[in-house]
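Reading through the structure tokens given below for one structure.
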Amino acid sequence: MAQQDEIEIYGNRRVMYAFIALVFFLFFVRLCQLQMIYSKEYGKKSEENSIRTIPKEPIRGTIYDRNGVLVVDNRPAFSVTVMPFEFDKKTVPYLSRLLSLEPDFISDRLKKGESFSRFVPVKIKRDIDFRILSALEENRERLPGVDYLVESKRFYTTNALASHILGYTKEISETQLKALGEEYAPGDVAGSAGLEAEYESSLRGRKGAELSLVNVRGQVIGRFENGKNDVPAIEGNDLILTMDFGLQAFAESLMTSRRGALVAIDPNDGGILAMVSKPDYDLSFFSGVTPPQVWRSLNTDQASPLFNRATLTRYPPGSTFKMVLAIAALETGTITPAWHVTCPGAFRFGNKVFKDTHIHGTVNLVEAIARSCNVYFYQLMLRTGLDPWSHYGEEFGFGRLTGIDTYEENPGLLPTTEYFDKRYGKNGWTRGFLPSLAIGQGEVGVTPLQMACYAAALANRGEYRQPHVARAIIEKSPRTIDTLSFPTRHIAVSSATWDVVREGMRRVVEEGGGTGGAARVPGVQSAGKTGTSQNPHGPDHAWYIGFAPFDHPRIAIAVLVENAGFGGTAAAPLAGLCIERYLYGHLIRPLEPVAPAAPRAKTAAGVQHAENRQ
Amino acid sequence: MTYQDLKERVDYRNALIVLSLLLIGVVSVYSATYDARAAETFHKQLIWIAVGAITLTSIAFVPFRILQLVSLPAYFLSILLLIIVLLLGKTVSGSTSWFNLGVIRLQPSEFTKITTVLALATYLSRSDVSLKKIRNLSVAAGIVLLPFCLIMLQPDFGTAVIYFGMFFPVLFWGGASRFTLVSILAPVATAVAALFGTTPFLISILVFGILLYLTKEDRIVAATVFSLTVMVGISVQFIYERLKVYQQKRIATFLDPNADPLGAGYNILQSKVAIGSGGFFGKGFLKGTQTQLNFIPEQWTDFIFCVPGEEFGFLGSATVLFLFMALLMRGVTLGSTVKNRYGSFVAIGLTSIFATHIFFNIGMSIGLLPVVGVPLPFLSYGGSALLSSMIMVGILMNLYANRKEY
């Protein structure tokens, strides 16, 4: 230390010590000032402090039918919430008894909520009844941190279920949350089936935000600047449907205790009048919170009630498909309407025998449609060939999505030459496949919705209108009605061909010997076609498609009853009743019991579940 | 190595101080991130502490000569990294200062401050170098100005402040004349004063005018420095206009924290409320409402001091202050007992870095200084900052172990 330069270097250490000491002294003084002298003031400030953004849920849009009847409304529902910060864990057993919830469930929810924020209340039970609400209210003191909040739940005003069309809302999953983006937060609900899902962005509205002053416990003690900076929630838009809920309820009642689907369309605009898929379920199960046992039973039910048979299935269409072949044959000039075949009741092709239901004798095209002669169409198919048949099948919308706005549908299957080539190899298939296709059997699959659209296009002489359920969207402020428009496509078929095919369909219903006499409605000329389709899952499916009135159609319909046997007796009467109910507004004849449903197959639902549910 | 040897060579007290600070830091980060959907932050911090501890130990036991040998290469390497980060780095809140290495992000400026100290110490410890000579002083200033300017380009005002906070004490330690020190301090202090308004600016030039006169330096030289100071003060306004909006806001906020309660001043206000409302005993672990309700955004980084302040009260925050003061005092003591001249400069340089971090961060948290983005060593969340603090402690412990070597 004696060296000159060392002294020079180290000489200043006292200044350093002094400087450090001075700064820390200042800090200590400041801490004393903040934490001892003014700590009360700051404590108070921290209590008052606190501006919190509380999201305000918008009111979900309601739904009206074509006659202005409110069919989906909102009702208040009470949900029990727990704020983890205030909650006393010792009260879990008491709370679980009160709400009849598992104690583990409450603890689990709490833990999840806590990891998000201890000051944000967690919903532990939705939609409690009034009895529980009053019990909670009475025991408030014993249950710190337990509160309830008013939410809205769906309320279905009519006696129609329309479960598959309306759909339901559900608490969004984590994957949905990521996909939907910023508008949503955990615990929000979003449409997850049917119209609720399809029109989610319209029905939902926009969340608002309320800036509230929160005390030291995170409890709201008032509004920030009297709500000057609040963002109000924007109510969701209402929907007006093309459906007639009177007809819907009636159609549902007709289909009760049957499995199958019924779709009625207004051929003038493509609007769905009624769409039934049976078995179905009660949407009010989903309006608040769905008990897990209900979910489980709906999901495991062998009859698949959650499954929309009207849009997701792939049934062979049976004889109802014959008009496609008739039109293809006439349009390609393969035959004239006068071409006839003598039906011996069966048809041999190669070493295979294709059966017919009756011996029809000599029939021309109109008679072959009216009496559903299979032999006629077997021969016609072999003459016409696959390609024209596929072409007109496509024109009528088979093998592709209809574009309906009920969230999910299936394109079905319409085979083409390419399809068979791809599936069986260029030489792997023969003309032996064709006779089956002629009568809507074999590798062809349709949905009842496609069949209703097909009926509507036949009714319209080729105007194929995209089917839809929503007609308009009502915006609240400013109040405007947005009428939705859907595309129409013209199927190029000559007028003469329409006349012949439609005449055949008219005779199905209106003439003696027609297979669809059971669909006749007094005072109205109607046209249709029956179908009875074989399927590997049990007894035949019964089909009927039709439209009425014949000259100026107002309704087109497709009915499918699974495993019910002959279309003329099991499906046609149901269509007739719906037509009657719709055209007259009520039934003009006493309602007689319709032919009993044929014995059901012992196997699971006779539905060919489609692989593609989009 | 016998026990006696180990005791002689390992700075147990320093290790204890750092361990205590790390413990308080872990507890504070845990509390600050408890609710804030940032739980992974806490786990990352634990990993960084482990990485830091290994690094610290390795550096503490590296032969002293190697430290000296790598000083200059390390300096140039880190300057290179700074240039690369400017060209290729990741931009976080307006500043391009990060390397994204996939799993981890590194901030090279955190390490450059250490290498700058090492380089400066290497230069100043040369026997032919004296801070009395203008040429040597200029080289020393150049060593610091190079990284300083690169960091200002990012721009990262907070880290740049650290370089000044380190340079000034080292000059002082190296025996620079009073005139030199005043000449360096004058423009900086006047610039800050000018931000407050015309009156503080006038007072500042008056004070420095007198100080310059008292140094009895050549009149012409003194006058040059004085006029330079005045010019800096005047041009501050001009530069202020050209600062990034968030920087302007931070400065404006410092001048009047109450002016914009939901803007940048919000942080200072909430921070003061958090510390003040902690009282003498604090609100208890995880019970601090300011902390738990997340009133202070990203509290686990620059405003971490509020956590012990609020949840452990005066007892907690005074403990932190005491530990930091002990760390700094011991650093100065080490600087004055190390026999090696290079080691002495390193000790003072690193201690000054710690001091600047601590002074600015705590000063900001308790509302005595403006909001400058400077982390609090050992407490704030942040991998690069934590690792660099651990490296600095490692070097200090190495110096302690070798304090008797020339």
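To be explicit about the labels: the chains of the structure tokens are called A, B, and onward in the order shown, and within each one the residues are counted from 1, while ligands get numbers from 1 in the order they are shown.
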
Contacts between chain A and chain B, please, where a residue of chain B counts if it comes within 6 Å (with only C-alpha atoms); show its shortest atom pair and distance in Å to one decimal, rows by chain and ascending number, as a Markdown table.
| residue | atom | partner | partner_atom | distance |
| --- | --- | --- | --- | --- |
| B:Asp35 | CA | A:Ser117 | CA | 5.0 |
| B:Trp173 | CA | A:Ile9 | CA | 6.0 |
| B:Gly174 | CA | A:Ile9 | CA | 5.8 |
| B:Val273 | CA | A:Tyr42 | CA | 5.1 |
| B:Gly276 | CA | A:Gln35 | CA | 4.5 |
| B:Ser277 | CA | A:Gly43 | CA | 3.9 |
| B:Gly279 | CA | A:Gln35 | CA | 4.4 |
| B:Phe280 | CA | A:Gln35 | CA | 6.0 |
| B:Phe314 | CA | A:Gln35 | CA | 6.0 |
| B:Ser336 | CA | A:Tyr10 | CA | 5.5 |

Just the helix (DSSP H, G or I) stuff from stretch 183-382 of chain B, please, per backbone DSSP, written as a PyMOL selection string.
chain B and resi 183-196+198-214+219-242+245-255+257-259+265-278+289-292+306-311+313-337+341-365

| request: Find the residues around stretch 167-172 of chain B up to 8 Å (only C-alpha atoms counted), leave out those fewer than 6 positions away in its own chain, and share them as a count of residues only. | output: 8

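Rounded to one decimal, atom CA of A:Pro467 and atom CA of A:Glu408 lie 13.1 Å from each other.
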
message = Give me, as number ranges by chain, all polymer residues having an atom no more than 9 Å from B:Leu369, counting only C-alpha atoms and skipping those fewer than 6 positions away in the same chain.
response = B: 254, 359-363

Based on the selection just made, write N, CA and C atoms of those residues as a PDB file, in the first residue's frame.
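Okay, again.pdb is ready:
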ATOM      1  N   PHE B 254     -42.233  10.783 -16.181  1.00  0.00           N
ATOM      2  CA  PHE B 254     -41.354  11.007 -15.045  1.00  0.00           C
ATOM      3  C   PHE B 254     -41.540  12.417 -14.521  1.00  0.00           C
ATOM      4  N   PHE B 359     -29.682   1.398  -8.490  1.00  0.00           N
ATOM      5  CA  PHE B 359     -30.126   2.772  -8.248  1.00  0.00           C
ATOM      6  C   PHE B 359     -31.292   3.136  -9.169  1.00  0.00           C
ATOM      7  N   PHE B 360     -31.137   2.829 -10.452  1.00  0.00           N
ATOM      8  CA  PHE B 360     -32.191   3.226 -11.383  1.00  0.00           C
ATOM      9  C   PHE B 360     -33.460   2.420 -11.174  1.00  0.00           C
ATOM     10  N   ASN B 361     -33.312   1.115 -10.962  1.00  0.00           N
ATOM     11  CA  ASN B 361     -34.511   0.300 -10.832  1.00  0.00           C
ATOM     12  C   ASN B 361     -35.291   0.639  -9.570  1.00  0.00           C
ATOM     13  N   ILE B 362     -34.612   0.619  -8.429  1.00  0.00           N
ATOM     14  CA  ILE B 362     -35.325   0.903  -7.184  1.00  0.00           C
ATOM     15  C   ILE B 362     -35.776   2.354  -7.166  1.00  0.00           C
ATOM     16  N   GLY B 363     -34.903   3.240  -7.641  1.00  0.00           N
ATOM     17  CA  GLY B 363     -35.274   4.662  -7.696  1.00  0.00           C
ATOM     18  C   GLY B 363     -36.557   4.866  -8.492  1.00  0.00           C
TER      19      GLY B 363
END

Students should find that atom CA of B:Gly313 and atom CA of B:Ser28 are spaced 12.7 Å

If DSSP is run on the backbone, what residues of stretch 393-561 of chain A are strand (DSSP E or B)? A reply as a PyMOL selection string would be ideal.
chain A and resi 413+445-446+463-465+468+470-475+480-483+488-490+521+524+527-535+538-548+555-561

**Prompt:** Using only C-alpha atoms, which residue out of A:Thr357, A:Pro279, A:Asp551, A:Leu254 lies closest to A:Ala572?
**Reply:**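 Smallest distance to A:Ala572 is found for A:Leu254.
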
Item checked: Near-A:Ile473 list (6 Å; only C-alpha atoms; drop same-chain fewer than 2 positions) as a list in words -> Asp238, Leu239, Ile481 and Asp482 of chain A
